[in-house]
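The data block below is coords24.cif; it holds mmCIF, C-alpha atoms.
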```cif
data_input
#
loop_
_atom_site.label_atom_id
_atom_site.label_comp_id
_atom_site.auth_asym_id
_atom_site.auth_seq_id
_atom_site.Cartn_x
_atom_site.Cartn_y
_atom_site.Cartn_z
CA MET A 27 62.44 183.85 193.01
CA ALA A 28 60.95 182.85 189.65
CA THR A 29 63.39 179.97 189.36
CA ARG A 30 62.53 178.76 192.84
CA LEU A 31 58.79 178.88 192.09
CA ALA A 32 59.33 177.06 188.81
CA VAL A 33 61.25 174.30 190.56
CA GLN A 34 58.60 174.05 193.27
CA GLY A 35 55.85 173.83 190.65
CA LEU A 36 57.52 171.34 188.33
CA ALA A 37 59.31 168.99 190.68
CA PRO A 38 56.14 167.37 192.09
CA ARG A 39 54.84 166.83 188.55
CA LYS A 40 58.11 165.19 187.50
CA VAL A 41 57.99 162.90 190.52
CA ARG A 42 54.32 162.15 189.88
CA GLY A 43 55.03 161.34 186.23
CA ALA A 44 58.03 159.19 187.09
CA ARG A 45 55.84 157.08 189.37
CA LEU A 46 52.54 157.20 187.52
CA LEU A 47 53.51 156.46 183.93
CA PRO A 48 55.39 153.20 184.67
CA ALA A 49 52.46 152.05 186.82
CA LEU A 50 50.02 152.79 184.01
CA ALA A 51 52.28 150.97 181.53
CA VAL A 52 52.23 147.86 183.76
CA ALA A 53 48.42 148.08 184.06
CA VAL A 54 48.02 148.34 180.26
CA ALA A 55 50.36 145.36 179.80
CA LEU A 56 48.21 143.29 182.18
CA VAL A 57 45.01 144.30 180.37
CA THR A 58 46.68 143.39 177.05
CA LEU A 59 47.60 139.97 178.38
CA LEU A 60 44.03 139.42 179.60
CA SER A 61 42.67 140.42 176.20
CA LEU A 62 44.98 137.95 174.47
CA CYS A 63 44.12 135.12 176.87
CA ILE A 64 40.36 135.46 177.31
CA GLY A 65 37.78 134.82 174.62
CA ALA A 66 35.69 132.15 172.93
CA PHE A 67 38.98 130.27 172.46
CA PRO A 68 40.86 130.69 175.78
CA MET A 69 44.66 130.52 175.80
CA ALA A 70 47.24 130.35 178.57
CA PRO A 71 49.96 133.03 178.88
CA ARG A 72 52.67 130.40 178.34
CA GLU A 73 50.99 129.29 175.12
CA ILE A 74 50.74 132.88 173.89
CA LEU A 75 54.41 133.53 174.64
CA ALA A 76 55.44 130.37 172.77
CA ILE A 77 53.46 131.44 169.70
CA LEU A 78 54.84 135.01 169.76
CA VAL A 79 58.48 133.80 169.92
CA GLY A 80 57.88 131.40 167.06
CA ALA A 81 57.77 128.19 169.09
CA GLY A 82 54.11 127.45 168.43
CA SER A 83 52.92 124.22 166.88
CA GLY A 84 51.00 125.86 164.04
CA ASP A 85 47.62 124.69 165.35
CA THR A 86 44.28 126.48 165.80
CA ALA A 87 45.55 128.50 168.77
CA GLU A 88 48.29 130.05 166.65
CA ALA A 89 45.84 130.97 163.89
CA VAL A 90 43.40 132.51 166.38
CA LEU A 91 46.10 134.52 168.14
CA LEU A 92 48.04 135.83 165.15
CA SER A 93 45.21 136.36 162.66
CA ILE A 94 42.27 137.37 164.86
CA ARG A 95 43.05 138.29 168.43
CA LEU A 96 46.43 140.05 168.12
CA PRO A 97 45.39 142.56 165.40
CA ARG A 98 42.23 143.25 167.38
CA VAL A 99 44.22 143.96 170.54
CA VAL A 100 46.71 146.17 168.65
CA LEU A 101 43.81 148.15 167.19
CA GLY A 102 42.31 148.53 170.67
CA LEU A 103 45.58 149.82 172.08
CA ALA A 104 46.34 152.22 169.23
CA GLY A 105 42.75 153.38 168.76
CA GLY A 106 42.12 153.93 172.46
CA ALA A 107 45.36 155.90 172.78
CA ALA A 108 44.54 158.01 169.71
CA LEU A 109 41.03 158.87 170.95
CA ALA A 110 42.23 159.68 174.47
CA VAL A 111 45.17 161.85 173.40
CA ALA A 112 42.92 163.70 170.95
CA GLY A 113 40.42 164.30 173.74
CA ALA A 114 43.05 165.58 176.17
CA ALA A 115 44.52 167.93 173.56
CA ILE A 116 41.11 169.24 172.44
CA GLN A 117 40.17 169.90 176.07
CA GLY A 118 43.40 171.82 176.51
CA LEU A 119 42.88 173.77 173.28
CA PHE A 120 39.33 174.82 174.20
CA ARG A 121 40.22 175.14 177.90
CA ASN A 122 37.10 173.11 178.57
CA PRO A 123 37.21 169.72 180.32
CA LEU A 124 33.87 168.80 178.74
CA ALA A 125 35.26 169.03 175.20
CA ASP A 126 35.52 165.94 173.02
CA PRO A 127 37.23 165.09 169.69
CA GLY A 128 33.79 164.94 168.11
CA LEU A 129 33.44 168.71 168.60
CA ILE A 130 35.60 169.36 165.52
CA GLY A 131 33.22 167.32 163.36
CA VAL A 132 35.49 164.39 162.59
CA SER A 133 33.23 161.63 163.96
CA ALA A 134 30.06 163.01 162.38
CA GLY A 135 31.78 163.45 159.01
CA ALA A 136 33.12 159.92 159.16
CA ALA A 137 29.64 158.58 159.97
CA LEU A 138 28.08 160.49 157.07
CA PHE A 139 30.56 159.25 154.47
CA ALA A 140 30.47 155.68 155.82
CA ALA A 141 26.67 155.63 155.65
CA ALA A 142 26.86 157.05 152.11
CA ALA A 143 29.27 154.29 151.08
CA ILE A 144 26.94 151.63 152.49
CA VAL A 145 23.68 153.02 151.10
CA LEU A 146 24.69 154.75 147.87
CA LEU A 147 27.45 152.40 146.70
CA PRO A 148 26.04 148.94 147.41
CA GLY A 149 27.70 147.36 144.38
CA ALA A 150 31.08 149.05 144.67
CA GLY A 151 32.57 146.17 146.66
CA ALA A 152 31.87 143.70 143.87
CA LEU A 153 33.41 146.04 141.30
CA LEU A 154 36.56 146.58 143.36
CA GLY A 155 37.08 142.89 144.06
CA PRO A 156 37.62 141.12 147.39
CA ALA A 157 41.17 142.44 147.85
CA HIS A 158 40.09 146.10 147.69
CA ALA A 159 36.47 145.95 148.87
CA VAL A 160 37.54 145.83 152.54
CA TRP A 161 39.00 149.32 152.11
CA LEU A 162 35.84 150.97 150.81
CA LEU A 163 34.21 151.69 154.18
CA PRO A 164 37.38 152.68 156.12
CA LEU A 165 38.54 155.01 153.34
CA ALA A 166 35.10 156.59 153.03
CA ALA A 167 34.92 157.13 156.80
CA PHE A 168 38.42 158.59 156.99
CA ALA A 169 37.76 160.90 154.04
CA GLY A 170 34.53 162.07 155.67
CA GLY A 171 36.21 162.81 158.97
CA LEU A 172 39.01 164.73 157.28
CA ALA A 173 36.61 166.65 155.04
CA ALA A 174 34.43 167.66 158.01
CA THR A 175 37.47 168.83 159.97
CA LEU A 176 38.76 170.88 157.03
CA LEU A 177 35.31 172.43 156.62
CA VAL A 178 35.14 173.33 160.31
CA GLY A 179 38.63 174.83 160.11
CA ALA A 180 37.72 176.86 157.01
CA ILE A 181 34.59 178.24 158.67
CA ALA A 182 36.52 179.19 161.82
CA ARG A 183 39.40 180.82 159.96
CA ARG A 184 39.73 184.55 160.31
CA GLU A 185 42.42 187.03 159.42
CA GLY A 186 45.43 186.17 161.49
CA GLY A 187 44.45 182.64 162.50
CA VAL A 188 41.70 180.33 163.70
CA ASP A 189 39.07 181.59 166.14
CA THR A 190 38.66 178.90 168.83
CA ALA A 191 35.09 179.98 169.67
CA LEU A 192 34.12 179.86 165.99
CA LEU A 193 35.80 176.47 165.71
CA LEU A 194 33.53 175.14 168.44
CA LEU A 195 30.37 176.65 166.92
CA ALA A 196 31.30 175.45 163.43
CA GLY A 197 31.83 171.95 164.82
CA VAL A 198 28.37 171.98 166.37
CA ALA A 199 26.84 173.09 163.06
CA VAL A 200 28.73 170.48 160.99
CA ASN A 201 27.76 167.76 163.48
CA ALA A 202 24.10 168.73 163.11
CA VAL A 203 24.22 168.75 159.30
CA ALA A 204 26.09 165.43 159.18
CA GLY A 205 23.59 163.90 161.61
CA ALA A 206 20.74 165.00 159.36
CA GLY A 207 22.55 163.47 156.39
CA VAL A 208 22.96 160.15 158.19
CA GLY A 209 19.27 160.19 159.10
CA PHE A 210 18.31 160.78 155.46
CA LEU A 211 20.54 157.92 154.30
CA VAL A 212 18.98 155.63 156.91
CA PHE A 213 15.58 156.60 155.49
CA LEU A 214 16.77 155.56 152.01
CA SER A 215 18.37 152.30 153.11
CA ASP A 216 16.91 148.82 152.79
CA GLU A 217 16.92 146.25 155.58
CA ARG A 218 20.45 144.97 154.93
CA GLU A 219 21.92 148.45 154.57
CA LEU A 220 20.09 149.66 157.69
CA ARG A 221 21.54 146.78 159.69
CA GLU A 222 25.05 147.48 158.38
CA VAL A 223 24.82 151.22 159.10
CA SER A 224 23.44 150.57 162.59
CA PHE A 225 26.19 148.06 163.41
CA TRP A 226 28.89 150.44 162.19
CA MET A 227 27.44 153.33 164.19
CA LEU A 228 27.62 151.25 167.38
CA GLY A 229 31.32 150.48 166.95
CA SER A 230 33.30 147.25 167.11
CA LEU A 231 36.85 145.92 166.82
CA ALA A 232 35.60 142.74 165.18
CA GLY A 233 36.81 141.81 161.71
CA THR A 234 40.12 143.63 162.07
CA GLY A 235 42.96 142.07 160.11
CA TRP A 236 46.56 142.99 159.46
CA ASP A 237 45.69 143.96 155.88
CA ARG A 238 43.49 146.80 157.16
CA LEU A 239 45.37 147.63 160.34
CA LEU A 240 48.98 147.99 159.21
CA PRO A 241 48.43 150.76 156.60
CA ALA A 242 46.37 152.76 159.11
CA LEU A 243 48.64 152.16 162.10
CA PRO A 244 50.90 155.21 161.45
CA LEU A 245 47.85 157.50 161.53
CA LEU A 246 46.66 155.86 164.75
CA LEU A 247 50.03 156.22 166.46
CA LEU A 248 50.94 159.68 165.16
CA PRO A 249 48.81 161.71 167.66
CA ALA A 250 50.08 159.74 170.67
CA LEU A 251 53.68 160.18 169.53
CA ALA A 252 53.52 163.78 168.27
CA MET A 253 51.08 165.45 170.67
CA PRO A 254 53.46 165.34 173.69
CA PHE A 255 55.78 167.68 171.77
CA LEU A 256 52.98 170.26 172.05
CA ALA A 257 52.56 169.75 175.79
CA ARG A 258 54.32 172.97 176.84
CA SER A 259 52.26 174.95 174.34
CA LEU A 260 49.04 173.40 175.62
CA ASN A 261 50.08 174.27 179.17
CA ALA A 262 50.56 177.86 178.07
CA LEU A 263 47.18 177.91 176.31
CA LEU A 264 45.52 177.11 179.64
CA LEU A 265 46.41 180.68 180.59
CA GLY A 266 44.69 182.05 177.49
CA GLU A 267 45.83 182.64 173.93
CA ALA A 268 47.05 186.18 174.58
CA ASP A 269 49.15 185.13 177.57
CA ALA A 270 50.55 182.16 175.65
CA PHE A 271 51.54 184.48 172.79
CA HIS A 272 53.25 186.90 175.14
CA LEU A 273 55.15 184.00 176.70
CA GLY A 274 56.68 183.34 173.29
CA PHE A 275 54.54 180.45 172.03
CA ARG A 276 53.36 180.34 168.42
CA VAL A 277 49.67 180.01 169.15
CA GLU A 278 48.20 179.66 165.65
CA PRO A 279 50.52 176.87 164.44
CA VAL A 280 49.89 175.04 167.71
CA LYS A 281 46.11 175.26 167.28
CA ARG A 282 46.33 173.99 163.70
CA ALA A 283 48.63 171.14 164.72
CA VAL A 284 46.35 170.07 167.59
CA VAL A 285 43.24 170.03 165.38
CA LEU A 286 45.02 168.20 162.55
CA LEU A 287 46.54 165.54 164.80
CA ALA A 288 43.26 165.03 166.65
CA ALA A 289 41.40 164.70 163.36
CA LEU A 290 43.90 162.21 161.91
CA GLY A 291 43.90 159.98 164.98
CA THR A 292 40.15 160.10 165.56
CA GLY A 293 39.36 159.73 161.86
CA ALA A 294 41.63 156.71 161.45
CA THR A 295 40.19 155.07 164.56
CA VAL A 296 36.58 155.68 163.60
CA ALA A 297 37.32 154.45 160.07
CA LEU A 298 38.41 151.06 161.41
CA THR A 299 36.15 150.65 164.45
CA GLY A 300 33.02 152.68 163.76
CA MET A 301 31.62 155.11 166.30
CA ILE A 302 32.99 154.54 169.81
CA GLY A 303 31.92 157.24 172.21
CA PHE A 304 33.21 158.64 175.49
CA ILE A 305 36.78 157.25 175.35
CA GLY A 306 38.02 160.67 174.29
CA LEU A 307 36.09 162.28 177.15
CA VAL A 308 36.45 159.82 180.02
CA ALA A 309 40.12 158.84 179.62
CA PRO A 310 41.52 162.41 179.85
CA HIS A 311 39.41 163.05 182.95
CA LEU A 312 40.61 159.91 184.67
CA ALA A 313 44.16 160.87 183.71
CA ARG A 314 43.66 164.40 185.05
CA LEU A 315 42.45 163.01 188.38
CA VAL A 316 45.68 161.06 188.88
CA ALA A 317 48.19 163.07 186.81
CA GLY A 318 47.07 166.66 187.29
CA PRO A 319 46.73 169.31 184.57
CA ASP A 320 50.33 169.30 183.27
CA HIS A 321 50.09 168.06 179.67
CA ARG A 322 53.61 166.65 179.83
CA VAL A 323 52.20 163.93 182.09
CA LEU A 324 48.54 164.21 181.14
CA LEU A 325 48.98 163.31 177.46
CA PRO A 326 50.92 160.04 177.89
CA ALA A 327 48.74 159.12 180.89
CA SER A 328 45.61 159.71 178.79
CA ALA A 329 47.01 157.55 175.99
CA MET A 330 47.62 154.60 178.31
CA ILE A 331 44.29 154.96 180.13
CA GLY A 332 42.43 155.24 176.81
CA ALA A 333 44.18 152.15 175.46
CA GLY A 334 43.34 150.19 178.60
CA LEU A 335 39.71 151.36 178.66
CA LEU A 336 39.08 150.39 175.03
CA LEU A 337 40.68 146.99 175.54
CA LEU A 338 38.56 146.37 178.64
CA ALA A 339 35.41 147.45 176.78
CA ASP A 340 36.28 145.13 173.90
CA LEU A 341 37.01 142.26 176.28
CA ALA A 342 33.61 142.73 177.92
CA ALA A 343 31.88 143.09 174.54
CA ARG A 344 33.15 139.75 173.24
CA THR A 345 32.74 137.74 176.46
CA ILE A 346 29.65 139.08 178.22
CA ALA A 347 27.20 137.38 175.83
CA LEU A 348 29.14 134.47 174.31
CA PRO A 349 28.89 133.26 171.58
CA ALA A 350 27.37 136.59 170.49
CA GLU A 351 29.28 139.86 170.60
CA MET A 352 27.97 143.19 171.84
CA PRO A 353 28.92 146.44 170.09
CA ILE A 354 31.57 148.35 172.03
CA GLY A 355 29.68 151.62 171.64
CA VAL A 356 26.87 150.24 173.80
CA LEU A 357 29.25 149.55 176.68
CA THR A 358 31.25 152.77 176.42
CA SER A 359 28.07 154.83 176.29
CA ALA A 360 26.51 152.92 179.19
CA LEU A 361 29.56 153.63 181.34
CA GLY A 362 30.52 157.01 179.90
CA GLY A 363 27.06 158.54 180.19
CA PRO A 364 26.82 158.21 183.98
CA PHE A 365 30.42 159.41 184.30
CA PHE A 366 29.56 162.49 182.23
CA ILE A 367 26.52 163.17 184.44
CA TRP A 368 28.68 162.83 187.56
CA LEU A 369 31.19 165.22 186.03
CA LEU A 370 28.50 167.79 185.30
CA ARG A 371 27.16 167.50 188.84
CA ARG A 372 30.67 167.84 190.23
CA ARG A 373 31.31 170.98 188.19
CA ALA A 374 27.93 172.40 189.20
CA GLY A 375 28.73 171.77 192.86
CA GLY A 376 32.10 173.45 192.43
CA ALA A 377 30.43 176.46 190.79
CA GLN A 378 28.16 176.86 193.76
#
```
The structure given in the file should be rewritten as structure tokens.
Amino acid sequence: MATRLAVQGLAPRKVRGARLLPALAVAVALVTLLSLCIGAFPMAPREILAILVGAGSGDTAEAVLLSIRLPRVVLGLAGGAALAVAGAAIQGLFRNPLADPGLIGVSAGAALFAAAAIVLLPGAGALLGPAHAVWLLPLAAFAGGLAATLLVGAIARREGGVDTALLLLAGVAVNAVAGAGVGFLVFLSDERELREVSFWMLGSLAGTGWDRLLPALPLLLLPALAMPFLARSLNALLLGEADAFHLGFRVEPVKRAVVLLAALGTGATVALTGMIGFIGLVAPHLARLVAGPDHRVLLPASAMIGAGLLLLADLAARTIALPAEMPIGVLTSALGGPFFIWLLRRRAGGAQ
């Protein structure tokens, strides 16, 4: 009987995943092609293919594609996937569809350390030299995100493991303290520093080069590649930690792995792009609508939807007001905010 129920429960999900994931992969490929083609310097697909296979003529189009547009698109794909997978896993860990990677403090910590690097170390770039100055802000942001996550984890630790409720409350507290710190640094900043902090807080994929992207790419890809191995454990956690433990899952190592992977992926993304909101919230919900709650399908679906959403937001940001470029955070918040309100109303209606 149990075997029959298991087959009945899993077979539809396997069929759904077998159909959905290839379709999402095709959609992401099309969005990637659009992002490579469209911009201030438009290019045809045939021209892009010739450059990628090494048959380009070495002209301006090749320089634009290989040095500017391609690293930007790769960052959008990897960063969007990292944020979305982190969001889906955090929602599964907290058993709360309204959870977000920012709940564990990583985004707020990254913002605090990035603002500190801009305001308190204005001459550090000149001392480091041009080759190393580009790393000052990303490294500061990543260190801040990691430090905030470790602090939240230390606060939530109790004998025998990590208390999920304390983890949530500690994240709220760390976010508040980090936000106050950013506000104080903004108060201390001059006009140039204020403009730089504000632009970073709004998020952008602009200025991304291979020199910054390649060293961070493993951290961006690690959550999307490793989190699916925790899918069965996350499915069990949906039943509650006690039930998951009695089913034979190692709950505490799973919780630590989820938080660490989410922090690494989100921290690395925020370090390179600045603050980009709602991808980690919206993408998992869209994936859940089409993929269902099974994390074996939900996690890869979230990764692809997140990658596509961030690429579409970046495409709109750099084309909607040519020759100027809008910050991505403005667009993601403008679209994500109404979606969040709709989600709250939908949950409220379901509760009634």
Å distance separating CA of Ala134 (chain A) from CA of Ala242 (chain A), one decimal place: 19.5 Å
Polymer residues at most 7 Å from region 274-289 of chain A, only C-alpha atoms, same-chain spacing of 6 or more positions, as an MDAnalysis selection string: chainID A and resid 112 115 119 127 132 172 175 187:188 249 259 267
Write to file, as a JSON list (two decimals), keeping the file's coordinate frame, the residues of the selection just made, with C-alpha atoms.
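Okay, part.json is ready:
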```json
[["chain", "number", "residue", "atom", "x", "y", "z"],
["A", 112, "ALA", "CA", 42.92, 163.70, 170.95],
["A", 115, "ALA", "CA", 44.52, 167.93, 173.56],
["A", 119, "LEU", "CA", 42.88, 173.77, 173.28],
["A", 127, "PRO", "CA", 37.23, 165.09, 169.69],
["A", 132, "VAL", "CA", 35.49, 164.39, 162.59],
["A", 172, "LEU", "CA", 39.01, 164.73, 157.28],
["A", 175, "THR", "CA", 37.47, 168.83, 159.97],
["A", 187, "GLY", "CA", 44.45, 182.64, 162.50],
["A", 188, "VAL", "CA", 41.70, 180.33, 163.70],
["A", 249, "PRO", "CA", 48.81, 161.71, 167.66],
["A", 259, "SER", "CA", 52.26, 174.95, 174.34],
["A", 267, "GLU", "CA", 45.83, 182.64, 173.93]]
```
Identify the residues around (37.7, 174.6, 164.1) within a radius of 6 Å, measuring from only C-alpha atoms in the coordinates stated by the file, and give them as number ranges by chain. A: 130, 178-179, 182, 193
Written file, previous selection with C-alpha atoms, as a PDB file, in the coordinates of the input:
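Result went into result32.pdb, see below:
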```pdb
ATOM      1  CA  ILE A 130      35.600 169.360 165.520  1.00  0.00           C
ATOM      2  CA  VAL A 178      35.140 173.330 160.310  1.00  0.00           C
ATOM      3  CA  GLY A 179      38.630 174.830 160.110  1.00  0.00           C
ATOM      4  CA  ALA A 182      36.520 179.190 161.820  1.00  0.00           C
ATOM      5  CA  LEU A 193      35.800 176.470 165.710  1.00  0.00           C
TER       6      LEU A 193
END
```
Across A:Asp237, A:Leu138, A:Ser224, A:Ala174, the smallest distance to Ala206 (chain A), with all atoms listed in the file counted, is shown by A:Leu138
Shortest interatomic distance to Arg238 (chain A) - which of A:Ile116, A:Ile331, A:Leu163, A:Leu298, counting all atoms listed in the file: A:Leu298
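Selection check: the PyMOL selection byres ((chain A and resi 316) around 12) on the shown file gives Arg39, Arg42, Gly43, Arg45, Leu46, Leu47, Ala49, Leu50, Ala309, Pro310, His311, Leu312, Ala313, Arg314, Leu315, Ala317, Gly318, Pro319, Asp320, Val323, Leu324, Ala327, Ser328 and Ile331 of chain A.
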What does the distance between CA of Val145 (chain A) and CA of Asp216 (chain A) come to in Å, to one decimal place?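 We find that CA of Val145 (chain A) and CA of Asp216 (chain A) lie 8.1 Å from each other.
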Residues matched by the PyMOL selection byres ((chain A and resi 228) around 10) as an mmCIF file with C-alpha atoms, in the coordinates of the input:
```
data_model
loop_
_atom_site.group_PDB
_atom_site.id
_atom_site.type_symbol
_atom_site.label_atom_id
_atom_site.label_comp_id
_atom_site.auth_asym_id
_atom_site.auth_seq_id
_atom_site.Cartn_x
_atom_site.Cartn_y
_atom_site.Cartn_z
ATOM 1 C CA VAL A 223 24.820 151.220 159.100
ATOM 2 C CA SER A 224 23.440 150.570 162.590
ATOM 3 C CA PHE A 225 26.190 148.060 163.410
ATOM 4 C CA TRP A 226 28.890 150.440 162.190
ATOM 5 C CA MET A 227 27.440 153.330 164.190
ATOM 6 C CA GLY A 229 31.320 150.480 166.950
ATOM 7 C CA SER A 230 33.300 147.250 167.110
ATOM 8 C CA THR A 299 36.150 150.650 164.450
ATOM 9 C CA GLY A 300 33.020 152.680 163.760
ATOM 10 C CA MET A 301 31.620 155.110 166.300
ATOM 11 C CA ILE A 302 32.990 154.540 169.810
ATOM 12 C CA GLY A 303 31.920 157.240 172.210
ATOM 13 C CA MET A 352 27.970 143.190 171.840
ATOM 14 C CA PRO A 353 28.920 146.440 170.090
ATOM 15 C CA ILE A 354 31.570 148.350 172.030
ATOM 16 C CA GLY A 355 29.680 151.620 171.640
ATOM 17 C CA VAL A 356 26.870 150.240 173.800
ATOM 18 C CA LEU A 357 29.250 149.550 176.680
ATOM 19 C CA THR A 358 31.250 152.770 176.420
ATOM 20 C CA SER A 359 28.070 154.830 176.290
#
```
For this structure, which residues satisfy the selection - the PyMOL selection byres ((chain A and resi 63) around 12) - when it is evaluated on the file as given? I want them as JSON, numbers by chain. {"A": [56, 57, 58, 59, 60, 61, 62, 64, 65, 66, 67, 68, 69, 70, 71, 72, 73, 74, 75, 87, 90, 91, 95, 96, 99, 341, 345]}
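Counting only C-alpha atoms and comparing A:Arg322, A:Gly102, A:Trp236, A:Pro48, the residue that lies closest to Ala257 (chain A) is A:Arg322.
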